[in-house]
$ cat run16.cif   # mmCIF, C-alpha atoms
data_coords
loop_
_atom_site.label_atom_id
_atom_site.label_comp_id
_atom_site.auth_asym_id
_atom_site.auth_seq_id
_atom_site.Cartn_x
_atom_site.Cartn_y
_atom_site.Cartn_z
CA VAL A 1 8.50 8.40 -41.74
CA ARG A 2 11.65 10.48 -42.13
CA GLY A 3 10.18 11.95 -45.31
CA MET A 4 7.10 13.08 -43.39
CA PHE A 5 8.92 15.24 -40.88
CA LYS A 6 11.25 16.59 -43.56
CA GLU A 7 8.07 18.01 -45.04
CA SER A 8 7.12 19.41 -41.60
CA PHE A 9 4.30 16.94 -40.99
CA ALA A 10 3.65 15.86 -37.41
CA LEU A 11 3.97 12.10 -37.19
CA PRO A 12 0.82 9.94 -36.77
CA VAL A 13 2.44 8.32 -33.70
CA MET A 14 3.47 9.78 -30.35
CA PRO A 15 7.04 11.09 -30.33
CA PHE A 16 7.80 8.76 -27.42
CA TYR A 17 8.01 5.83 -29.82
CA THR A 18 10.83 7.46 -31.77
CA LEU A 19 13.05 6.58 -28.81
CA SER A 20 12.59 2.87 -29.52
CA THR A 21 13.44 3.19 -33.23
CA PRO A 22 16.79 3.97 -34.89
CA PHE A 23 16.21 7.72 -35.12
CA SER A 24 19.05 10.10 -34.41
CA MET A 25 18.62 12.62 -31.58
CA GLN A 26 18.40 15.36 -34.21
CA GLU A 27 15.47 13.53 -35.82
CA VAL A 28 13.81 12.95 -32.43
CA LYS A 29 14.08 16.69 -31.78
CA ALA A 30 12.45 17.49 -35.14
CA VAL A 31 9.55 15.10 -34.45
CA ASN A 32 8.95 16.52 -30.96
CA GLU A 33 9.05 20.11 -32.20
CA ALA A 34 6.47 19.31 -34.88
CA TRP A 35 4.12 17.72 -32.34
CA CYS A 36 4.41 20.58 -29.86
CA GLN A 37 3.66 23.12 -32.57
CA ARG A 38 0.60 21.09 -33.48
CA PHE A 39 -0.57 20.95 -29.85
CA ALA A 40 -0.16 24.70 -29.47
CA ASN A 41 -1.99 25.51 -32.71
CA ASP A 42 -4.83 23.06 -32.04
CA ALA A 43 -5.32 24.34 -28.50
CA ARG A 44 -5.38 27.99 -29.44
CA GLU A 45 -7.71 27.44 -32.39
CA SER A 46 -10.21 25.18 -30.61
CA HIS A 47 -10.15 26.94 -27.22
CA PRO A 48 -8.86 30.49 -27.72
CA LEU A 49 -8.43 32.78 -24.74
CA ALA A 50 -9.83 36.29 -24.81
CA LYS A 51 -6.46 37.50 -23.54
CA PRO A 52 -3.19 35.89 -22.40
CA LEU A 53 -3.08 34.48 -18.90
CA PRO A 54 -1.59 36.95 -16.43
CA ILE A 55 1.77 36.41 -14.80
CA GLN A 56 0.74 36.44 -11.18
CA ILE A 57 3.29 35.16 -8.70
CA GLU A 58 2.72 35.19 -4.97
CA MET A 59 6.17 35.49 -3.45
CA PRO A 60 6.64 34.56 0.22
CA ILE A 61 6.42 37.34 2.79
CA SER A 62 9.00 35.57 4.93
CA GLN A 63 10.96 32.36 4.54
CA ASN A 64 9.95 31.50 8.10
CA ALA A 65 6.26 32.17 7.63
CA GLY A 66 5.36 28.47 7.78
CA PRO A 67 3.58 26.07 5.37
CA GLY A 68 1.71 27.75 2.54
CA ALA A 69 3.90 30.86 2.52
CA GLY A 70 6.82 29.65 0.39
CA ILE A 71 7.61 29.97 -3.29
CA LYS A 72 4.84 28.20 -5.19
CA VAL A 73 5.92 25.19 -7.26
CA ALA A 74 3.31 23.30 -9.30
CA PHE A 75 3.91 19.67 -10.31
CA PHE A 76 1.97 18.82 -13.46
CA GLY A 77 1.57 15.20 -14.58
CA SER A 78 -0.24 11.89 -14.50
CA ASP A 79 1.98 9.77 -12.27
CA ALA A 80 2.59 11.54 -8.94
CA PHE A 81 0.24 9.26 -7.00
CA ARG A 82 0.32 6.15 -9.17
CA ILE A 83 2.27 2.89 -8.82
CA HIS A 84 4.64 3.97 -11.55
CA PRO A 85 8.40 4.62 -11.65
CA VAL A 86 7.83 8.38 -11.86
CA GLY A 87 5.30 8.33 -9.04
CA LYS A 88 7.37 6.12 -6.75
CA SER A 89 10.35 8.43 -7.09
CA ILE A 90 8.72 11.86 -7.37
CA ASN A 91 6.74 11.17 -4.20
CA ALA A 92 9.93 11.53 -2.17
CA ALA A 93 10.63 14.96 -3.62
CA LEU A 94 7.01 16.03 -3.13
CA THR A 95 7.05 14.97 0.51
CA LEU A 96 10.28 16.81 1.25
CA LEU A 97 9.14 19.95 -0.56
CA HIS A 98 5.81 19.91 1.27
CA GLN A 99 7.65 19.77 4.60
CA SER A 100 9.77 22.78 3.68
CA ALA A 101 8.80 26.26 4.89
CA GLU A 102 10.44 27.75 1.78
CA ILE A 103 8.35 25.85 -0.79
CA ASP A 104 4.59 25.70 -1.30
CA VAL A 105 3.82 22.71 -3.53
CA MET A 106 0.70 21.66 -5.45
CA VAL A 107 0.19 18.60 -7.67
CA PHE A 108 -2.11 18.98 -10.68
CA GLY A 109 -3.25 15.46 -11.65
CA LEU A 110 -4.03 14.55 -15.26
CA VAL A 111 -5.58 11.06 -14.99
CA PRO A 112 -8.37 9.47 -12.91
CA GLY A 113 -7.49 7.62 -9.74
CA GLN A 114 -4.73 9.84 -8.41
CA LYS A 115 -6.91 11.07 -5.56
CA ASP A 116 -7.33 7.47 -4.36
CA GLY A 117 -3.65 6.81 -5.00
CA ARG A 118 -2.72 9.81 -2.86
CA ALA A 119 -4.79 8.39 0.01
CA ALA A 120 -3.24 4.93 -0.43
CA MET A 121 0.24 6.47 -0.27
CA HIS A 122 -0.67 8.33 2.95
CA SER A 123 0.39 11.56 1.28
CA SER A 124 -0.57 14.99 2.59
CA VAL A 125 0.78 16.83 -0.45
CA PRO A 126 -1.91 19.21 -1.82
CA PHE A 127 -3.62 17.93 -4.95
CA THR A 128 -5.93 19.34 -7.64
CA ASP A 129 -7.62 16.99 -10.13
CA VAL A 130 -7.87 18.54 -13.62
CA THR A 131 -8.50 15.26 -15.43
CA ASN A 132 -11.72 16.14 -17.23
CA LEU A 133 -11.01 19.78 -18.06
CA HIS A 134 -10.35 21.27 -21.49
CA CYS A 135 -6.82 22.49 -22.12
CA ASP A 136 -7.73 26.16 -21.58
CA ASP A 137 -9.51 25.40 -18.30
CA ILE A 138 -6.51 23.38 -17.07
CA ALA A 139 -4.28 26.34 -17.84
CA LYS A 140 -6.63 28.72 -16.01
CA ALA A 141 -6.72 26.43 -12.95
CA VAL A 142 -2.92 26.29 -12.79
CA ASN A 143 -2.58 30.02 -13.38
CA ALA A 144 -5.14 30.82 -10.67
CA TRP A 145 -2.92 29.11 -8.11
CA LYS A 146 -0.17 31.62 -9.08
CA PRO A 147 2.87 29.34 -9.29
CA ALA A 148 6.35 30.75 -9.77
CA ILE A 149 7.52 27.49 -11.36
CA LEU A 150 5.69 24.61 -13.04
CA ILE A 151 7.43 21.23 -13.22
CA GLU A 152 6.00 18.98 -15.93
CA THR A 153 6.69 15.25 -15.39
CA ASN A 154 5.25 13.47 -18.45
CA GLY A 155 7.07 14.84 -21.44
CA GLN A 156 6.05 13.22 -24.71
CA THR A 157 4.44 10.19 -23.07
CA GLN A 158 0.93 8.89 -22.53
CA SER A 159 -1.55 11.19 -20.71
CA GLN A 160 0.56 14.33 -21.17
CA ARG A 161 -1.27 17.65 -21.50
CA LEU A 162 1.25 19.85 -23.25
CA ASP A 163 -1.65 21.57 -24.96
CA ALA A 164 -2.51 23.20 -21.61
CA LEU A 165 1.06 24.35 -21.10
CA SER A 166 1.00 26.10 -24.49
CA TYR A 167 -1.11 28.81 -22.80
CA ARG A 168 1.89 29.45 -20.50
CA PRO A 169 0.03 29.25 -17.17
CA ALA A 170 3.29 29.69 -15.23
CA PRO A 171 6.15 32.11 -15.94
CA VAL A 172 8.74 29.32 -15.74
CA GLN A 173 7.86 25.85 -17.05
CA VAL A 174 10.39 23.01 -16.93
CA HIS A 175 10.44 19.26 -17.45
CA TYR A 176 11.72 16.72 -14.94
CA LEU A 177 12.06 12.95 -14.76
CA GLY A 178 9.41 11.48 -17.08
CA TYR A 179 11.07 11.79 -20.49
CA GLY A 180 14.63 11.48 -21.73
CA ALA A 181 14.64 13.56 -24.91
CA THR A 182 13.72 17.16 -25.57
CA ILE A 183 10.05 18.11 -25.22
CA GLY A 184 10.50 20.34 -28.26
CA ALA A 185 8.21 23.16 -27.08
CA ASP A 186 9.08 26.83 -26.85
CA TYR A 187 6.76 26.99 -23.85
CA VAL A 188 8.85 24.48 -21.86
CA HIS A 189 11.83 26.54 -20.83
CA GLY A 190 14.05 24.16 -18.88
CA PHE A 191 15.02 20.49 -18.62
CA ILE A 192 16.26 19.16 -15.27
CA ALA A 193 18.94 16.48 -15.70
CA ASP A 194 22.42 15.48 -14.61
CA LYS A 195 25.72 15.25 -16.46
CA ILE A 196 25.19 11.56 -17.26
CA MET A 197 21.67 11.89 -18.66
CA VAL A 198 22.37 14.91 -20.85
CA THR A 199 26.00 15.16 -21.88
CA PRO A 200 27.40 18.32 -23.51
CA GLU A 201 27.22 16.55 -26.88
CA LEU A 202 23.53 15.67 -26.42
CA SER A 203 22.55 19.10 -25.08
CA THR A 204 22.52 20.53 -28.61
CA HIS A 205 19.48 18.35 -29.35
CA TYR A 206 17.32 19.98 -26.67
CA THR A 207 15.21 23.10 -27.19
CA GLU A 208 15.16 23.68 -23.42
CA LYS A 209 17.90 25.18 -21.27
CA ILE A 210 19.51 22.21 -19.52
CA GLN A 211 19.56 22.56 -15.74
CA VAL A 212 22.37 20.22 -14.68
CA LEU A 213 22.05 19.02 -11.10
CA PRO A 214 25.22 18.46 -9.03
CA VAL A 215 23.73 15.12 -7.91
CA PRO A 216 21.96 12.29 -9.81
CA PHE A 217 18.61 13.56 -11.10
CA TYR A 218 16.71 10.42 -10.09
CA VAL A 219 15.34 10.53 -6.55
CA THR A 220 13.99 7.58 -4.56
CA ALA A 221 11.30 7.35 -1.91
CA TYR A 222 12.51 4.34 0.03
CA ALA A 223 13.72 6.26 3.07
CA LEU A 224 10.35 8.01 3.37
CA ASP A 225 7.97 5.23 2.40
CA SER A 226 8.47 2.60 5.09
CA TRP A 227 4.78 1.72 4.79
CA ARG A 228 5.54 0.11 1.40
CA PHE A 229 7.63 -2.61 3.02
CA PRO A 230 6.38 -5.66 4.93
CA SER A 231 6.78 -5.83 8.67
CA LEU A 232 9.49 -8.06 10.12
CA GLN A 233 6.85 -10.69 10.95
CA GLU A 234 5.46 -10.63 7.40
CA PHE A 235 8.93 -10.87 5.93
CA GLN A 236 9.81 -13.84 8.14
CA ALA A 237 6.56 -15.61 7.20
CA LYS A 238 7.27 -15.12 3.50
CA SER A 239 10.85 -16.31 3.95
CA ARG A 240 9.65 -19.58 5.55
CA ASN A 241 7.57 -20.31 2.45
CA ARG A 242 10.22 -19.18 -0.01
CA ASP A 243 11.87 -22.53 -0.68
CA LYS A 244 8.48 -24.24 -1.02
CA ASP A 245 7.33 -21.61 -3.51
CA ARG A 246 10.57 -21.92 -5.46
CA ALA A 247 10.25 -25.70 -5.61
CA GLY A 248 6.83 -25.30 -7.20
CA GLU A 249 8.47 -23.28 -10.00
CA ASN A 250 11.36 -25.75 -10.42
CA LEU A 251 13.83 -23.27 -8.97
CA LYS A 252 16.71 -24.46 -6.84
CA SER A 253 17.47 -22.78 -3.54
CA GLY A 254 19.76 -19.83 -4.19
CA SER A 255 18.81 -19.47 -7.85
CA CYS A 256 18.20 -16.01 -9.28
CA VAL A 257 15.11 -14.73 -11.10
CA PHE A 258 15.79 -11.95 -13.60
CA ALA A 259 12.54 -10.02 -14.07
CA SER A 260 11.38 -7.31 -16.45
CA PHE A 261 7.91 -5.85 -15.98
CA ASN A 262 8.43 -2.93 -18.32
CA GLN A 263 6.74 -2.58 -21.69
CA ILE A 264 8.68 -4.43 -24.36
CA HIS A 265 8.90 -1.42 -26.68
CA LYS A 266 10.98 0.34 -24.00
CA THR A 267 13.72 -2.26 -24.32
CA SER A 268 16.13 -3.06 -27.13
CA HIS A 269 17.84 -5.95 -28.89
CA LYS A 270 21.12 -4.90 -27.24
CA PHE A 271 19.51 -5.02 -23.78
CA TRP A 272 18.14 -8.54 -24.20
CA SER A 273 21.37 -9.77 -25.73
CA SER A 274 23.22 -8.54 -22.63
CA MET A 275 20.63 -10.12 -20.35
CA GLY A 276 20.99 -13.43 -22.17
CA ARG A 277 24.75 -13.46 -21.72
CA MET A 278 24.38 -12.61 -18.03
CA VAL A 279 21.85 -15.38 -17.34
CA ALA A 280 23.92 -17.90 -19.30
CA LYS A 281 27.00 -16.98 -17.31
CA CYS A 282 25.11 -17.41 -14.03
CA ARG A 283 23.78 -20.81 -15.04
CA ASN A 284 26.91 -22.26 -16.60
CA LYS A 285 29.79 -21.05 -14.46
CA PRO A 286 31.29 -24.24 -12.96
CA GLN A 287 32.60 -22.64 -9.78
CA PRO A 288 30.90 -20.37 -7.23
CA PRO A 289 29.41 -17.81 -7.42
CA SER A 290 27.44 -19.69 -10.10
CA VAL A 291 23.65 -19.29 -9.81
CA PRO A 292 21.98 -22.56 -10.88
CA SER A 293 18.61 -22.62 -12.60
CA SER A 294 18.52 -18.86 -13.12
CA ILE A 295 15.57 -17.78 -15.26
CA TRP A 296 13.87 -14.79 -16.84
CA THR A 297 10.31 -13.76 -16.15
CA LEU A 298 8.56 -11.21 -18.35
CA GLY A 299 5.58 -9.02 -17.58
CA THR A 300 4.06 -9.20 -21.06
CA ASP A 301 1.53 -11.27 -22.96
CA LEU A 302 2.45 -9.78 -26.34
CA PRO A 303 2.25 -12.62 -28.91
CA GLY A 304 5.68 -13.79 -30.02
CA ALA A 305 7.56 -11.48 -27.63
CA ALA A 306 9.18 -14.28 -25.62
CA GLU A 307 10.35 -16.08 -28.77
CA ARG A 308 11.89 -12.92 -30.24
CA ILE A 309 13.62 -12.10 -26.97
CA VAL A 310 15.13 -15.61 -26.75
CA ALA A 311 16.32 -15.22 -30.33
CA ALA A 312 17.93 -11.87 -29.47
CA ALA A 313 19.72 -13.45 -26.54
#
$ encode --input "run16.cif" --output "structure tokens"
Amino acid sequence: VRGMFKESFALPVMPFYTLSTPFSMQEVKAVNEAWCQRFANDARESHPLAKPLPIQIEMPISQNAGPGAGIKVAFFGSDAFRIHPVGKSINAALTLLHQSAEIDVMVFGLVPGQKDGRAAMHSSVPFTDVTNLHCDDIAKAVNAWKPAILIETNGQTQSQRLDALSYRPAPVQVHYLGYGATIGADYVHGFIADKIMVTPELSTHYTEKIQVLPVPFYVTAYALDSWRFPSLQEFQAKSRNRDKDRAGENLKSGSCVFASFNQIHKTSHKFWSSMGRMVAKCRNKPQPPSVPSSIWTLGTDLPGAAERIVAAA
């Protein structure tokens, strides 16, 4: 695989998977750059534009002009209105931006179902579905809205549409939240992070200009999404049945369940080894605060995964 990208071949796997293999950050950068060049070339050859998209920014007349009159910021991704870590966090930022008189926000959705997800989340954030459009038509739709800034939230992950961004539909295009390494595209200008996520040493492995936030880059929606949580009556009803439910799973009262519902390829041997030591310490400590009968539960049916994880622990 290393020989392939040394010869400037784009890898036959998505760059995302290089993050779960022992590649260096320099090698991850090389893989991502090769893929982005391929996306750009394929897009322009298969769906060429008669002329470049215009830079057309509608700046606000007044900062106090009310909703719809602020600086236009387009969010571009597949997860804004999905039950997904990116969606559950980005929704807070979207809600706050939509309430601001200084920002006019629009979400461009890249996968089916986000319209229904938006309704289920009780969101009033404006939304445009570009799921079934060709890359050039997606770019035209974004450009027609005249954003000053486009924030891409997928990176090199599933359902991304970097091919559309290669047409440069917005004058400033940056990545936020969905991906940890460089996108590797000359048409993605910035990368929003914090000083923990991208250290000065790591910043040399990014093609983007790193925009370091003074606060942690990861936002949460809990303060805004009270509808996600059960009512007091529902919580009390579930609590009454808790010990009965635990008994059915051979769990003692007060025991702890360590759960991972992420995809296994996003974890590592080091992670599971640490988890194993933690669970063993909880189960075996003779004095309080020991946690008897603590267990793991995994959200995977991958054959052999449980056995390999136990071996790693």
$ atom_distance --input "run16.cif" --atom1 "atom CA of A:Ser20" --atom2 "atom CA of A:Leu202"
17.1 Å
$ atom_distance --input "run16.cif" --atom1 "atom CA of A:Gly113" --atom2 "atom CA of A:Thr300"
23.3 Å
$ resolve_selection --input "run16.cif" --expression "the PyMOL selection byres ((chain A and resi 53) around 9)" --output "list in words"
Leu49, Lys51, Pro52, Pro54, Ile55, Gln56, Ala139, Lys140, Asn143, Tyr167, Arg168, Pro169 and Ala170 of chain A
$ resolve_selection --input "run16.cif" --expression "the PyMOL selection byres ((chain A and resi 264) around 9)" --output "PDB file with C-alpha atoms, keeping the file's coordinate frame"
ATOM      1  CA  SER A 260      11.380  -7.310 -16.450  1.00  0.00           C
ATOM      2  CA  PHE A 261       7.910  -5.850 -15.980  1.00  0.00           C
ATOM      3  CA  ASN A 262       8.430  -2.930 -18.320  1.00  0.00           C
ATOM      4  CA  GLN A 263       6.740  -2.580 -21.690  1.00  0.00           C
ATOM      5  CA  HIS A 265       8.900  -1.420 -26.680  1.00  0.00           C
ATOM      6  CA  LYS A 266      10.980   0.340 -24.000  1.00  0.00           C
ATOM      7  CA  THR A 267      13.720  -2.260 -24.320  1.00  0.00           C
ATOM      8  CA  SER A 268      16.130  -3.060 -27.130  1.00  0.00           C
ATOM      9  CA  GLY A 299       5.580  -9.020 -17.580  1.00  0.00           C
ATOM     10  CA  THR A 300       4.060  -9.200 -21.060  1.00  0.00           C
ATOM     11  CA  LEU A 302       2.450  -9.780 -26.340  1.00  0.00           C
ATOM     12  CA  ALA A 305       7.560 -11.480 -27.630  1.00  0.00           C
TER      13      ALA A 305
END
$ residues_near_point --input "run16.cif" --point "(-3.6, 18.9, -4.0)" --cutoff "9 Å" --atoms "all atoms listed in the file" --output "ChimeraX atom specification"
/A:105-109,115,124-129
$ resolve_selection --input "run16.cif" --expression "the PyMOL selection byres ((chain A and resi 210) around 6)" --output "PDB file with C-alpha atoms, in the frame of the given file"
ATOM      1  CA  GLY A 190      14.050  24.160 -18.880  1.00  0.00           C
ATOM      2  CA  PHE A 191      15.020  20.490 -18.620  1.00  0.00           C
ATOM      3  CA  LYS A 209      17.900  25.180 -21.270  1.00  0.00           C
ATOM      4  CA  GLN A 211      19.560  22.560 -15.740  1.00  0.00           C
ATOM      5  CA  VAL A 212      22.370  20.220 -14.680  1.00  0.00           C
TER       6      VAL A 212
END
